[in-house]
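What follows is the content of data-v5.tsv, which has TSV, C-alpha atoms and all ligand atoms:
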chain	number	residue	atom	x	y	z
O	6	MET	CA	-7.33	-13.74	-3.65
O	7	SER	CA	-5.97	-16.05	-6.24
O	8	ALA	CA	-2.75	-17.96	-6.64
O	9	ALA	CA	-2.25	-16.32	-10.02
O	10	ASP	CA	0.32	-13.84	-8.84
O	11	GLN	CA	2.89	-16.27	-7.54
O	12	ASN	CA	5.65	-14.47	-9.34
O	13	ALA	CA	4.70	-11.04	-8.09
O	14	ASN	CA	6.80	-9.07	-5.64
O	15	PRO	CA	6.06	-10.80	-2.35
O	16	GLN	CA	5.41	-7.52	-0.60
O	17	GLU	CA	3.76	-5.23	-3.12
O	18	GLY	CA	3.65	-1.74	-1.73
O	19	SER	CA	0.87	0.05	-3.54
O	20	PRO	CA	-2.23	-2.09	-3.68
O	21	VAL	CA	-4.85	0.43	-4.64
O	22	PRO	CA	-5.19	1.13	-8.35
O	23	GLU	CA	-6.16	4.44	-9.86
O	24	ARG	CA	-9.82	5.23	-9.86
O	25	SER	CA	-9.84	5.23	-13.65
O	26	GLY	CA	-9.06	1.47	-13.40
O	27	VAL	CA	-11.13	-1.27	-14.93
O	28	SER	CA	-14.72	-1.57	-13.81
O	29	HIS	CA	-16.29	-4.92	-13.12
O	30	LEU	CA	-19.85	-4.57	-14.24
O	31	GLU	CA	-20.74	-8.18	-14.86
O	32	GLY	CA	-23.69	-9.38	-12.85
O	33	ILE	CA	-24.90	-5.93	-11.89
O	34	GLY	CA	-28.51	-5.41	-12.87
O	35	GLU	CA	-29.59	-2.37	-14.87
O	36	GLY	CA	-31.25	0.33	-12.86
O	37	VAL	CA	-29.53	-0.76	-9.64
O	38	GLU	CA	-27.80	2.15	-7.97
O	39	PHE	CA	-24.48	0.47	-7.22
O	40	ARG	CA	-22.36	2.14	-4.56
O	41	CYS	CA	-18.61	1.81	-4.25
O	42	GLY	CA	-15.94	3.73	-2.38
O	43	TYR	CA	-12.87	3.71	-0.20
O	44	VAL	CA	-13.21	3.63	3.59
O	45	ALA	CA	-10.04	4.15	5.65
O	46	LEU	CA	-9.64	2.85	9.20
O	47	ILE	CA	-7.45	5.37	11.01
O	48	GLY	CA	-6.45	5.48	14.66
O	49	ASN	CA	-3.77	5.02	17.26
O	50	PRO	CA	-2.08	1.62	17.61
O	51	ASN	CA	-4.02	-1.22	19.21
O	52	VAL	CA	-7.49	0.41	19.06
O	53	GLY	CA	-8.90	-2.50	17.00
O	54	LYS	CA	-8.72	-1.34	13.38
O	55	SER	CA	-7.68	-4.71	11.98
O	56	THR	CA	-10.20	-6.52	14.17
O	57	LEU	CA	-12.97	-4.31	12.77
O	58	LEU	CA	-11.87	-4.99	9.18
O	59	ASN	CA	-11.98	-8.75	9.83
O	60	THR	CA	-15.41	-8.41	11.45
O	61	PHE	CA	-16.79	-6.57	8.43
O	62	LEU	CA	-15.39	-9.17	6.04
O	63	ASN	CA	-16.39	-12.06	8.30
O	64	ARG	CA	-12.97	-13.49	7.59
O	65	LYS	CA	-9.56	-12.93	9.09
O	66	ILE	CA	-7.36	-11.24	6.54
O	67	SER	CA	-5.58	-8.60	8.63
O	68	ILE	CA	-3.35	-9.77	11.45
O	69	VAL	CA	-4.31	-8.95	15.05
O	70	THR	CA	-2.20	-9.13	18.21
O	71	PRO	CA	-2.33	-7.53	21.67
O	72	LYS	CA	0.87	-5.61	20.83
O	73	PRO	CA	0.77	-2.13	19.29
O	74	GLN	CA	2.13	-1.47	15.78
O	75	THR	CA	1.08	-4.88	14.48
O	76	THR	CA	-0.10	-3.55	11.10
O	77	ARG	CA	2.69	-2.05	8.99
O	78	ARG	CA	1.16	-1.65	5.56
O	79	LYS	CA	-2.11	-0.67	4.03
O	80	VAL	CA	-4.30	-3.79	3.96
O	81	VAL	CA	-7.12	-3.75	1.42
O	82	GLY	CA	-10.27	-5.69	2.28
O	83	LEU	CA	-13.20	-5.86	-0.15
O	84	LEU	CA	-16.78	-6.31	0.97
O	85	SER	CA	-19.06	-6.81	-2.01
O	86	THR	CA	-22.75	-7.53	-2.53
O	87	ASP	CA	-24.99	-7.07	-5.58
O	88	ASN	CA	-25.57	-3.49	-4.48
O	89	TYR	CA	-22.27	-2.23	-3.13
O	90	GLN	CA	-18.55	-2.74	-2.81
O	91	VAL	CA	-16.75	-1.26	0.19
O	92	VAL	CA	-12.98	-0.98	-0.27
O	93	PHE	CA	-11.76	-1.00	3.33
O	94	LEU	CA	-8.24	0.24	3.94
O	95	ASP	CA	-6.74	-0.99	7.21
O	96	THR	CA	-3.73	1.07	8.23
O	97	PRO	CA	-0.85	1.16	10.73
O	98	GLY	CA	-1.64	2.91	14.03
O	99	ILE	CA	-0.52	6.53	14.17
O	100	ILE	CA	2.74	7.13	16.05
O	101	LYS	CA	5.59	9.61	16.01
O	102	PRO	CA	8.11	7.82	13.76
O	103	LYS	CA	11.53	7.06	15.26
O	104	TYR	CA	12.99	5.12	12.34
O	105	LEU	CA	12.48	4.84	8.59
O	106	LEU	CA	10.16	1.82	8.76
O	107	GLN	CA	7.83	3.78	11.03
O	108	GLN	CA	7.94	6.68	8.58
O	109	ALA	CA	6.88	4.33	5.80
O	110	MET	CA	4.09	3.04	8.06
O	111	MET	CA	2.82	6.58	8.60
O	112	GLY	CA	2.99	7.17	4.85
O	113	ALA	CA	0.68	4.18	4.37
O	114	ALA	CA	-1.84	5.63	6.85
O	115	ASP	CA	-1.67	9.10	5.31
O	116	SER	CA	-2.19	7.86	1.77
O	117	ALA	CA	-5.11	5.65	2.80
O	118	ALA	CA	-6.78	8.60	4.52
O	119	ALA	CA	-6.17	10.80	1.48
O	120	ASP	CA	-7.72	8.16	-0.84
O	121	ALA	CA	-10.80	7.66	1.30
O	122	ASP	CA	-14.38	8.68	0.57
O	123	LEU	CA	-15.06	8.16	4.25
O	124	VAL	CA	-12.61	8.11	7.16
O	125	LEU	CA	-13.36	6.06	10.25
O	126	PHE	CA	-11.39	7.59	13.13
O	127	MET	CA	-11.17	4.86	15.70
O	128	MET	CA	-10.65	5.20	19.45
O	129	ASP	CA	-10.29	2.67	22.23
O	130	ALA	CA	-13.12	3.35	24.70
O	131	THR	CA	-10.98	2.18	27.62
O	132	ARG	CA	-8.59	5.05	26.91
O	133	MET	CA	-11.21	7.75	26.46
O	134	LYS	CA	-12.04	8.51	30.07
O	135	GLY	CA	-9.39	11.12	30.63
O	136	ASP	CA	-8.27	14.08	28.58
O	137	LEU	CA	-9.17	13.51	24.93
O	138	THR	CA	-6.96	16.29	23.61
O	139	VAL	CA	-3.93	14.00	23.45
O	140	ASP	CA	-5.22	10.91	21.60
O	141	LEU	CA	-8.18	12.23	19.66
O	142	GLY	CA	-6.84	15.79	19.44
O	143	GLY	CA	-3.56	14.54	18.00
O	144	LEU	CA	-5.35	12.43	15.39
O	145	LEU	CA	-7.66	15.24	14.32
O	146	LYS	CA	-4.76	17.66	14.04
O	147	ARG	CA	-2.77	15.29	11.86
O	148	PHE	CA	-5.67	14.80	9.46
O	149	GLN	CA	-7.18	18.28	9.63
O	150	ALA	CA	-6.64	18.92	5.92
O	151	LEU	CA	-8.88	16.01	4.88
O	152	HIS	CA	-12.09	16.95	3.12
O	153	SER	CA	-13.86	13.60	3.21
O	154	PRO	CA	-16.57	12.97	5.82
O	155	ALA	CA	-15.43	11.38	9.07
O	156	TYR	CA	-17.11	9.03	11.53
O	157	LEU	CA	-15.86	8.47	15.05
O	158	ILE	CA	-15.80	4.82	16.06
O	159	ILE	CA	-15.55	4.18	19.78
O	160	ASN	CA	-14.39	0.57	20.01
O	161	LYS	CA	-14.14	-1.99	22.81
O	162	VAL	CA	-17.41	-0.93	24.45
O	163	ASP	CA	-17.74	-4.52	25.67
O	164	ILE	CA	-15.19	-3.75	28.39
O	165	ILE	CA	-16.36	-0.35	29.66
O	166	ARG	CA	-19.16	0.64	31.99
O	167	LYS	CA	-22.10	1.67	29.82
O	168	PRO	CA	-22.77	4.90	31.83
O	169	ASP	CA	-19.28	6.08	30.82
O	170	LEU	CA	-20.22	6.11	27.16
O	171	LEU	CA	-22.47	9.18	26.92
O	172	PRO	CA	-19.92	11.61	28.40
O	173	MET	CA	-17.30	10.23	25.96
O	174	ILE	CA	-19.59	10.82	22.99
O	175	ALA	CA	-20.43	14.30	24.22
O	176	ALA	CA	-16.77	15.23	24.73
O	177	ALA	CA	-15.70	13.86	21.35
O	178	SER	CA	-18.48	15.61	19.48
O	179	ARG	CA	-17.41	18.93	21.01
O	180	MET	CA	-13.97	18.40	19.45
O	181	HIS	CA	-15.02	17.76	15.85
O	182	PRO	CA	-18.22	17.79	13.77
O	183	PHE	CA	-18.15	14.02	13.11
O	184	LYS	CA	-20.82	13.01	10.61
O	185	GLU	CA	-21.70	10.09	12.90
O	186	ILE	CA	-20.41	8.59	16.15
O	187	PHE	CA	-20.71	4.81	16.61
O	188	PRO	CA	-19.91	2.94	19.82
O	189	VAL	CA	-19.00	-0.64	18.81
O	190	SER	CA	-17.29	-3.80	19.86
O	191	ALA	CA	-15.37	-5.06	16.86
O	192	LEU	CA	-14.52	-8.19	18.82
O	193	LYS	CA	-18.06	-9.03	19.95
O	194	HIS	CA	-19.72	-7.72	16.75
O	195	GLU	CA	-21.77	-5.16	18.70
O	196	GLY	CA	-22.99	-2.17	16.71
O	197	THR	CA	-21.01	-3.21	13.64
O	198	GLU	CA	-24.02	-4.02	11.43
O	199	GLN	CA	-25.55	-0.59	12.04
O	200	LEU	CA	-22.17	0.96	11.29
O	201	LEU	CA	-21.86	-0.95	8.02
O	202	ALA	CA	-25.38	0.07	6.93
O	203	SER	CA	-24.48	3.69	7.56
O	204	ILE	CA	-21.15	3.39	5.70
O	205	VAL	CA	-22.87	1.99	2.60
O	206	LYS	CA	-25.32	4.90	2.54
O	207	VAL	CA	-22.57	7.52	2.24
O	208	LEU	CA	-20.58	5.72	-0.48
O	209	PRO	CA	-20.66	7.36	-3.90
O	210	VAL	CA	-22.83	5.87	-6.64
O	211	HIS	CA	-20.09	4.23	-8.67
O	212	PRO	CA	-19.42	0.88	-10.35
O	213	PRO	CA	-17.16	-1.53	-8.47
O	214	PHE	CA	-13.40	-1.03	-8.63
O	215	TYR	CA	-12.65	-4.74	-8.19
O	216	PRO	CA	-14.23	-8.07	-9.13
O	217	LEU	CA	-17.09	-8.85	-6.77
O	218	ASP	CA	-15.86	-12.31	-5.81
O	219	ILE	CA	-12.50	-11.45	-4.23
O	220	VAL	CA	-11.74	-10.37	-0.64
O	221	SER	CA	-8.51	-8.58	-1.48
O	222	GLU	CA	-6.29	-8.03	-4.46
O	223	GLN	CA	-3.15	-8.26	-2.38
O	224	SER	CA	-1.22	-11.44	-3.07
O	225	GLU	CA	-1.38	-14.70	-1.15
O	226	ARG	CA	2.35	-14.20	-0.54
O	227	PHE	CA	1.66	-10.91	1.21
O	228	PHE	CA	-0.91	-12.46	3.55
O	229	ILE	CA	1.33	-15.46	4.28
O	230	GLY	CA	4.16	-13.09	5.27
O	231	GLU	CA	1.70	-11.31	7.53
O	232	ILE	CA	0.60	-14.56	9.21
O	233	ILE	CA	4.25	-15.41	9.99
O	234	ARG	CA	4.76	-11.90	11.39
O	235	GLU	CA	1.65	-12.29	13.55
O	236	LYS	CA	3.10	-15.40	15.19
O	237	ILE	CA	6.40	-13.59	15.83
O	238	PHE	CA	4.43	-10.76	17.49
O	239	LEU	CA	2.55	-13.30	19.59
O	240	TYR	CA	5.50	-15.41	20.74
O	241	CYS	CA	8.49	-13.03	20.89
O	242	GLN	CA	8.87	-10.22	23.37
O	243	GLU	CA	10.41	-6.77	23.72
O	244	GLU	CA	12.12	-5.41	20.63
O	245	VAL	CA	12.24	-8.65	18.62
O	246	PRO	CA	8.83	-8.40	16.88
O	247	TYR	CA	9.59	-4.78	16.03
O	248	SER	CA	12.94	-5.75	14.48
O	249	THR	CA	11.51	-8.54	12.35
O	250	GLU	CA	10.08	-8.83	8.87
O	251	ALA	CA	8.88	-11.93	7.00
O	252	ALA	CA	9.01	-12.43	3.26
O	253	VAL	CA	7.87	-15.43	1.24
O	254	THR	CA	10.66	-16.57	-1.08
O	255	GLY	CA	9.13	-19.66	-2.67
O	256	PHE	CA	5.65	-20.98	-3.31
O	257	GLN	CA	5.29	-24.30	-5.05
O	258	GLU	CA	2.11	-26.26	-5.44
O	259	GLN	CA	2.94	-29.93	-5.66
O	260	GLU	CA	0.52	-32.03	-7.63
O	261	GLY	CA	-1.88	-33.86	-5.35
O	262	GLY	CA	0.31	-32.97	-2.40
O	263	LYS	CA	1.26	-30.12	-0.18
O	264	THR	CA	2.02	-26.55	-1.12
O	265	VAL	CA	5.65	-25.95	-0.22
O	266	ILE	CA	6.25	-22.44	1.07
O	267	THR	CA	9.66	-21.06	1.95
O	268	ALA	CA	10.03	-17.77	3.78
O	269	ASP	CA	12.82	-15.65	5.19
O	270	ILE	CA	12.53	-13.96	8.55
O	271	TYR	CA	14.79	-10.93	8.73
O	272	VAL	CA	16.18	-9.49	11.94
O	273	THR	CA	18.18	-6.29	12.35
O	274	ARG	CA	21.19	-7.85	14.11
O	275	ASP	CA	22.77	-11.24	14.72
O	276	SER	CA	21.95	-11.38	18.44
O	277	GLN	CA	18.23	-11.49	17.56
O	278	ARG	CA	18.67	-14.60	15.41
O	279	GLY	CA	19.37	-16.72	18.47
O	280	ILE	CA	16.25	-15.42	20.24
O	281	LEU	CA	14.05	-16.14	17.24
O	282	ILE	CA	15.45	-19.61	16.73
O	283	GLY	CA	15.39	-20.43	20.46
O	284	LYS	CA	16.93	-23.31	22.38
O	285	GLN	CA	17.34	-26.22	19.96
O	286	GLY	CA	15.13	-24.36	17.51
O	287	ALA	CA	12.13	-24.42	19.87
O	288	MET	CA	10.97	-20.84	19.24
O	289	LEU	CA	11.17	-21.08	15.47
O	290	LYS	CA	9.35	-24.39	15.62
O	291	GLN	CA	6.53	-22.84	17.64
O	292	ILE	CA	6.25	-19.88	15.26
O	293	GLY	CA	6.40	-22.21	12.26
O	294	SER	CA	3.71	-24.64	13.36
O	295	ALA	CA	1.30	-21.89	14.45
O	296	ALA	CA	1.87	-20.05	11.16
O	297	ARG	CA	1.47	-23.23	9.12
O	298	ARG	CA	-1.89	-24.01	10.73
O	299	ASP	CA	-3.21	-20.52	9.89
O	300	ILE	CA	-1.76	-20.58	6.38
O	301	GLU	CA	-3.46	-23.92	5.75
O	302	ALA	CA	-6.78	-22.47	6.90
O	303	PHE	CA	-6.17	-19.37	4.77
O	304	LEU	CA	-5.27	-21.29	1.60
O	305	ASP	CA	-7.60	-24.20	2.40
O	306	ARG	CA	-4.98	-26.80	1.56
O	307	PRO	CA	-2.10	-28.61	3.28
O	308	VAL	CA	1.16	-26.70	3.50
O	309	TYR	CA	4.79	-27.45	4.24
O	310	LEU	CA	6.39	-24.31	5.67
O	311	ASP	CA	10.13	-23.82	5.70
O	312	LEU	CA	11.39	-20.78	7.65
O	313	ARG	CA	14.92	-19.35	7.56
O	314	VAL	CA	16.16	-16.59	9.87
O	315	ARG	CA	18.58	-14.10	8.33
O	316	THR	CA	20.25	-10.93	9.53
O	317	LEU	CA	19.58	-7.90	7.38
O	318	GLU	CA	21.70	-5.44	9.35
O	319	GLY	CA	19.69	-2.37	10.34
O	320	TRP	CA	16.97	-2.97	7.70
O	321	ARG	CA	14.43	-0.76	9.53
O	322	ASP	CA	16.52	2.30	8.84
O	323	LYS	CA	17.79	1.54	5.34
O	324	LYS	CA	15.85	2.91	2.41
O	325	GLN	CA	17.01	0.22	0.00
O	326	SER	CA	16.24	-2.66	2.37
O	327	LEU	CA	12.79	-1.24	3.04
O	328	GLU	CA	12.08	-0.84	-0.64
O	329	ASN	CA	13.26	-4.39	-1.32
O	330	LEU	CA	10.75	-5.50	1.30
O	331	GLY	CA	7.99	-3.60	-0.49
O	332	TYR	CA	7.77	-0.50	1.69
O	333	LYS	CA	7.53	2.95	0.19
O	334	ALA	CA	10.46	4.46	2.07
S	401	LIG	N1	-12.27	-6.24	24.36
S	401	LIG	C1	-12.08	-5.91	23.09
S	401	LIG	N2	-10.86	-6.07	22.56
S	401	LIG	C2	-10.69	-5.73	21.25
S	401	LIG	C3	-11.75	-5.21	20.46
S	401	LIG	N3	-11.27	-4.95	19.24
S	401	LIG	C4	-9.97	-5.31	19.24
S	401	LIG	N4	-9.61	-5.78	20.46
S	401	LIG	C5	-8.29	-6.28	20.88
S	401	LIG	O1	-7.37	-5.20	20.83
S	401	LIG	C6	-6.07	-5.67	20.44
S	401	LIG	C7	-5.57	-4.90	19.21
S	401	LIG	O2	-6.42	-5.18	18.11
S	401	LIG	P1	-5.96	-4.86	16.61
S	401	LIG	O3	-7.15	-5.12	15.74
S	401	LIG	O4	-4.69	-5.58	16.30
S	401	LIG	O5	-5.68	-3.31	16.72
S	401	LIG	P2	-5.10	-2.31	15.60
S	401	LIG	O6	-5.76	-1.00	15.79
S	401	LIG	O7	-5.23	-2.94	14.26
S	401	LIG	O8	-3.57	-2.22	16.04
S	401	LIG	P3	-2.26	-1.77	15.15
S	401	LIG	O9	-2.25	-2.63	13.91
S	401	LIG	O10	-1.14	-2.09	16.07
S	401	LIG	O11	-2.40	-0.32	14.89
S	401	LIG	C8	-6.23	-7.18	20.17
S	401	LIG	O12	-5.83	-7.85	21.32
S	401	LIG	C9	-7.72	-7.32	19.94
S	401	LIG	O13	-8.22	-8.60	20.25
S	401	LIG	C10	-13.05	-5.06	21.08
S	401	LIG	O14	-14.03	-4.64	20.49
S	401	LIG	N5	-13.13	-5.42	22.39
S	402	MG	MG	-3.79	-3.46	12.87
Rewrite the structure from the file as structure tokens, please.
Amino acid sequence: MSAADQNANPQEGSPVPERSGVSHLEGIGEGVEFRCGYVALIGNPNVGKSTLLNTFLNRKISIVTPKPQTTRRKVVGLLSTDNYQVVFLDTPGIIKPKYLLQQAMMGAADSAAADADLVLFMMDATRMKGDLTVDLGGLLKRFQALHSPAYLIINKVDIIRKPDLLPMIAAASRMHPFKEIFPVSALKHEGTEQLLASIVKVLPVHPPFYPLDIVSEQSERFFIGEIIREKIFLYCQEEVPYSTEAAVTGFQEQEGGKTVITADIYVTRDSQRGILIGKQGAMLKQIGSAARRDIEAFLDRPVYLDLRVRTLEGWRDKKQSLENLGYKA
């Protein structure tokens, strides 16, 4: 990521360029069979898709919380070496949409899956003991038209009894001819290296789509908005996180000093403003200082963060508001 795109739309919606885009061949030796392709992480909410992306990249770029529906947009993470570039696409968890924002979220998951050379269907092992036809069956049905190869990733194996694993694998493999099935713990980095080695092997021989020295081409503004949203998900309860969006409005690097970042937090109705601000501003202060610490780590420089809470009446169900916030409604 670079600070070059400070003037860009803070919430760009369509991060992935056409495949005919520029190649970045510098530094790639002749005769090396370079592999590059798109790998989509698809699954129900809360199964650990964003955690797995961060584990692969060895860096936290995609926000993670214990609450479902944390991820709302496609998040592009690039893992590059001299021999390969994996373009990981983290996606929102699959749900039945109840409002327009959720429809846009499902659109992001669908388009990532359609773009992918390999789809990683991800399940939460702790939810796989019972009848698989609901969770896994529903996923497979939704994406049955896909032609790309699919792996099944059974995540969170650190918190199940190991003897439970074999019957899960057997049941899942009866439901779909997955190319591979990998039990992993994205959190504890168990099985993830073997998974990555296998992913690289099935990528097409192709020059890299992006420069090799960047982790994402999404803007710093986008990731800062995400960090603020993560803190709102962590500290606010019930419907508040789901009614909230964060957008960076200003980004100024002061010479020799702090980077001053201003951001708006939007809520769907006035009554939620009070909750977000809290008694004597305590809630907003908590969100702000936690976000600032993470933004400083992310940008690797000191930051002054100024948050404003605004009501954007019913934004989750308004096409124009969603588009202004960078969603493809
Ligand atoms: N024990 C355990 N917890 C995990 C593992 N992977 C993820 N988690 C936890 O599961 C919760 C959800 O993780 P996320 O990575 O946000 O899940 P997600 O699939 O991206 O969720 P959405 O963005 O809501 O679709 C967090 O509390 C994670 O810490 C794992 O391997 N083991
Ligand atoms: Mg996520």
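The residue set within 12 Å of Leu239 of chain O, counting all atoms listed in the file and dropping same-chain residues fewer than 6 places from it, reads O:Ile68, O:Val69, O:Thr70, O:Pro71, O:Lys72, O:Pro73, O:Thr75, O:Ile232, O:Ile233, O:Val245, O:Pro246, O:Tyr247, O:Met288, O:Gln291, O:Ile292, O:Ala295, O:Ala296.
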| task | Name each residue within 7 Å of ligand MG 402 (chain S), counting all atoms listed in the file, as a PyMOL selection string. | result | chain O and resi 51+53-55+67-69+74-76+95-98
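Among the candidates O:Tyr332, O:Phe126, O:Tyr309, O:Phe228, the one nearest to ligand LIG 401 (chain S) when counting all atoms listed in the file is O:Phe126.
Surrounding segment 305-307 of chain O within 8 Å are O:Gly262, O:Lys263, O:Thr264, with only C-alpha atoms counted and residues fewer than 6 positions along the same chain left out.
Atom to atom, atom CA of Thr249 of chain O and atom CA of Met128 of chain O stand 27.0 Å apart.
The gap separating atom CA of Arg297 of chain O from atom CA of Ala114 of chain O is 29.1 Å, in Å to one decimal.
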| query | Between O:Val265, O:Ile270, O:Val124, O:Leu144, which has the minimum distance to Ile204 of chain O (counting only C-alpha atoms)? | reply | O:Val124
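Pairwise distance (atom CA of Leu192 of chain O, atom C1 of ligand LIG 401 (chain S)) equals 5.4 Å.
Residues near the point (-19.8, 14.8, 9.2), at a distance of 8 Å or less over only C-alpha atoms, make up Pro154, Ala155, Tyr156, Pro182, Phe183, Lys184 and Glu185 of chain O.
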Please determine the residues with any atom at most 7 Å from (-18.6, 1.9, 17.7) (coordinates as given in the file, with all atoms listed in the file counting) and report them as a PDB file with C-alpha atoms, in the coordinates of the input.
ATOM      1  CA  ILE O 158     -15.800   4.820  16.060  1.00  0.00           C
ATOM      2  CA  ILE O 159     -15.550   4.180  19.780  1.00  0.00           C
ATOM      3  CA  ASN O 160     -14.390   0.570  20.010  1.00  0.00           C
ATOM      4  CA  PHE O 187     -20.710   4.810  16.610  1.00  0.00           C
ATOM      5  CA  PRO O 188     -19.910   2.940  19.820  1.00  0.00           C
ATOM      6  CA  VAL O 189     -19.000  -0.640  18.810  1.00  0.00           C
ATOM      7  CA  SER O 190     -17.290  -3.800  19.860  1.00  0.00           C
ATOM      8  CA  GLY O 196     -22.990  -2.170  16.710  1.00  0.00           C
ATOM      9  CA  THR O 197     -21.010  -3.210  13.640  1.00  0.00           C
TER      10      THR O 197
END
| query | Which is closest to ligand LIG 401 (chain S) among O:Phe238, O:Phe148, O:Phe256, O:Phe227, if we use all atoms listed in the file? | reply | O:Phe238
So that I can see what lies close to segment 317-321 of chain O, please list as a tab-separated table (two decimals) with C-alpha atoms, in the frame of the given file the residues with an atom at most 10 Å from it, counting only C-alpha atoms and leaving out residues fewer than 5 positions away in the same chain.
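Final output, saved to result.tsv:
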chain	number	residue	atom	x	y	z
O	104	TYR	CA	12.99	5.12	12.34
O	105	LEU	CA	12.48	4.84	8.59
O	106	LEU	CA	10.16	1.82	8.76
O	107	GLN	CA	7.83	3.78	11.03
O	108	GLN	CA	7.94	6.68	8.58
O	109	ALA	CA	6.88	4.33	5.80
O	247	TYR	CA	9.59	-4.78	16.03
O	248	SER	CA	12.94	-5.75	14.48
O	249	THR	CA	11.51	-8.54	12.35
O	250	GLU	CA	10.08	-8.83	8.87
O	270	ILE	CA	12.53	-13.96	8.55
O	271	TYR	CA	14.79	-10.93	8.73
O	272	VAL	CA	16.18	-9.49	11.94
O	273	THR	CA	18.18	-6.29	12.35
O	274	ARG	CA	21.19	-7.85	14.11
O	275	ASP	CA	22.77	-11.24	14.72
O	326	SER	CA	16.24	-2.66	2.37
O	327	LEU	CA	12.79	-1.24	3.04
O	328	GLU	CA	12.08	-0.84	-0.64
O	329	ASN	CA	13.26	-4.39	-1.32
O	330	LEU	CA	10.75	-5.50	1.30
O	334	ALA	CA	10.46	4.46	2.07
| request: Rank O:Lys193, O:Lys103, O:Gly283, O:Ser116 by their smallest atom-to-atom distance to Tyr240 of chain O, using all atoms listed in the file, and report the top residue only. | output: O:Gly283
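With distances restricted to all atoms listed in the file, O:Gly48 is the closest residue to ligand LIG 401 (chain S) from O:Gly286, O:Gly48, O:Gly230, O:Gly143.
Nearest residue to ligand LIG 401 (chain S) among O:Glu235, O:Ala175, O:Ile300, O:Val139 is O:Glu235, counting only C-alpha atoms and all ligand atoms.
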| task | With a distance cut-off of 12 Å and all atoms listed in the file, select the neighbouring residues of Arg132 of chain O, excluding the residue or stretch itself and same-chain residues fewer than 2 positions from it, and output the selection as number ranges by chain. | result | O: 49-52, 127-130, 134-141, 159-162, 164-165, 169-170, 173
Working from the structure I just supplied, which lacks atoms in segment 180-191 of chain O, can you model N, CA and C atoms there and output them as an mmCIF file, in the coordinates of the input?
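Result file is out-v8.cif:
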data_model
loop_
_atom_site.group_PDB
_atom_site.id
_atom_site.type_symbol
_atom_site.label_atom_id
_atom_site.label_comp_id
_atom_site.auth_asym_id
_atom_site.auth_seq_id
_atom_site.Cartn_x
_atom_site.Cartn_y
_atom_site.Cartn_z
ATOM 1 N N MET O 180 -15.296 18.179 20.047
ATOM 2 C CA MET O 180 -13.970 18.400 19.450
ATOM 3 C C MET O 180 -13.983 18.447 17.929
ATOM 4 N N HIS O 181 -14.993 17.815 17.308
ATOM 5 C CA HIS O 181 -15.020 17.760 15.850
ATOM 6 C C HIS O 181 -16.439 17.465 15.375
ATOM 7 N N PRO O 182 -16.865 18.091 14.272
ATOM 8 C CA PRO O 182 -18.220 17.790 13.770
ATOM 9 C C PRO O 182 -18.263 16.454 13.025
ATOM 10 N N PHE O 183 -18.085 15.341 13.766
ATOM 11 C CA PHE O 183 -18.150 14.020 13.110
ATOM 12 C C PHE O 183 -19.519 13.863 12.471
ATOM 13 N N LYS O 184 -19.541 13.239 11.295
ATOM 14 C CA LYS O 184 -20.820 13.010 10.610
ATOM 15 C C LYS O 184 -21.673 12.030 11.429
ATOM 16 N N GLU O 185 -21.018 11.048 12.014
ATOM 17 C CA GLU O 185 -21.700 10.090 12.900
ATOM 18 C C GLU O 185 -20.715 9.640 13.968
ATOM 19 N N ILE O 186 -21.255 9.213 15.117
ATOM 20 C CA ILE O 186 -20.410 8.590 16.150
ATOM 21 C C ILE O 186 -21.019 7.223 16.472
ATOM 22 N N PHE O 187 -20.221 6.175 16.368
ATOM 23 C CA PHE O 187 -20.710 4.810 16.610
ATOM 24 C C PHE O 187 -19.920 4.139 17.719
ATOM 25 N N PRO O 188 -20.561 3.814 18.834
ATOM 26 C CA PRO O 188 -19.910 2.940 19.820
ATOM 27 C C PRO O 188 -20.036 1.496 19.318
ATOM 28 N N VAL O 189 -18.943 0.757 19.281
ATOM 29 C CA VAL O 189 -19.000 -0.640 18.810
ATOM 30 C C VAL O 189 -18.104 -1.541 19.637
ATOM 31 N N SER O 190 -18.309 -2.836 19.455
ATOM 32 C CA SER O 190 -17.290 -3.800 19.860
ATOM 33 C C SER O 190 -16.961 -4.608 18.618
ATOM 34 N N ALA O 191 -15.791 -4.338 18.064
ATOM 35 C CA ALA O 191 -15.370 -5.060 16.860
ATOM 36 C C ALA O 191 -15.213 -6.540 17.173
#
